[in-house]
Every structure is written in C-alpha cells, then in structure tokens.
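Presented below is the structure to which this report refers.
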Amino acid sequence: MRKVDLCLSSEGAEVILATSSDEKHPPENMIDGNLETFWTTTGMFPQEFIVCFHKHVRIERLVIQSYFVRTLRIEKSTSTEPVDFEQWIERDLVHTEGQLQNEEIMISKLTVQDQNASRIGFW
C-alpha cells in the first residue's frame with residue numbers, strides 16, 4: 001500500500017484556522033510540501049492551527065518540525081465541522097536553542113479507532 005502525506009494541500013488538506021499570520025509566511029505554507037516555506041507566528045503564546053482533511057483519514061505517523069515550541073498538544077475531531085475536539089497527544093519538546101526541532105509521533109501504536117480523524121488541531 002502506498003503511503004501518502006495526507007497533510008498536503010495537494011491531497012486536499014486545508015488550514016482552516018490559525019491564530020497568527022504573516023504575509024510572507026502564511027499558515028498555508030505548512031501544507032504546501034515545499035521545505036523552503038514555513039508558517040511564522042507573532043511570537044505570542046499559545047498559538048494554534050487546525051488542519052482539515054475534508055474526509056475521514058487514518059493517521060499512522062505525524063512529523064512536526066518547529067522552532068522554540070515547548071509543549072505540543074494535538075487534538076482530533078471526527079466531526080464534519082470543526083467541533084467536538086478531543087485531546088489526542090501531548091508532548092513536551094526538547095529545547096534546541098534555535099535549532100530545528102524534529103518530532104516524530106508514531107500513531108500506529110494506537111488502536112485503529114484512535115487513528116481516525118477528519119480534523120486535527122495543534123495547540
């Protein structure tokens with residue numbers, strides 16, 4: 001079975017909410033598949049964004065690349081609207097003093113039902 005990066009705009013994913021935006025580095029950059037583009041925030045905390053898949057998907061792995069993130073909380077929803085989120089994953093990230101933080105979360109260790117989502121929110 002072919003593995004697909006479901007969190008790409010080319011696969012139908014969409015950023016439907018972001019608490020911060022910069023004209024040069026908008027939230028949509030997170031899902032454009034270009035390693036040279038990125039989303040930047042105002043620096044205020046906390047920040048959040050919601051990615052919508054527009055269909056139920058099975059998530060096996062999340063890869064998060066960030067700078068200066070202390071705690072990552074991910075919530076998911078199986079609703080057709082961005083409501084009824086439930087806490088899914090929470091991690092404290094290692095401080096890397098200005099270096100890229102690479103965090104890989106293997107969802108496949110969870111039950112199949114816990115892998116399904118139509119939207120995921122990052123706080």
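Chain labels follow the order of the structure tokens: the first chain is A, the next B, and so on; residue numbering restarts at 1 in every chain, and ligands are counted from 1 in their shown order.
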If you run DSSP on this backbone, which residues of chain A come out as strand (DSSP E or B), and could you give them as a PyMOL selection string?
chain A and resi 14-18+49-58+61-66+71-77+86-92+101-106+116-122
Contacts of segment 17-34 of chain A at 7 Å (only C-alpha atoms; same-chain gap of 3+ positions) as a PyMOL selection string
chain A and resi 7-9+37-42+47-50
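One distance worth recording is that between atom CA of Glu104 of chain A and atom CA of Cys52 of chain A, which is 20.0 Å.
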What gap, in Å, lies between atom CA of Gly98 of chain A and atom CA of Ile74 of chain A?
22.6 Å
What gap, in Å, lies between atom CA of Leu100 of chain A and atom CA of Arg58 of chain A?
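Distance between the two atoms: 27.0 Å.
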I'd like the neighbourhood of Tyr67 of chain A as number ranges by chain, where a residue qualifies if any of its atoms comes within 12 Å (using only C-alpha atoms), though same-chain residues fewer than 3 positions away should be ignored.
A: 38-41, 43, 64, 70-72, 93-103
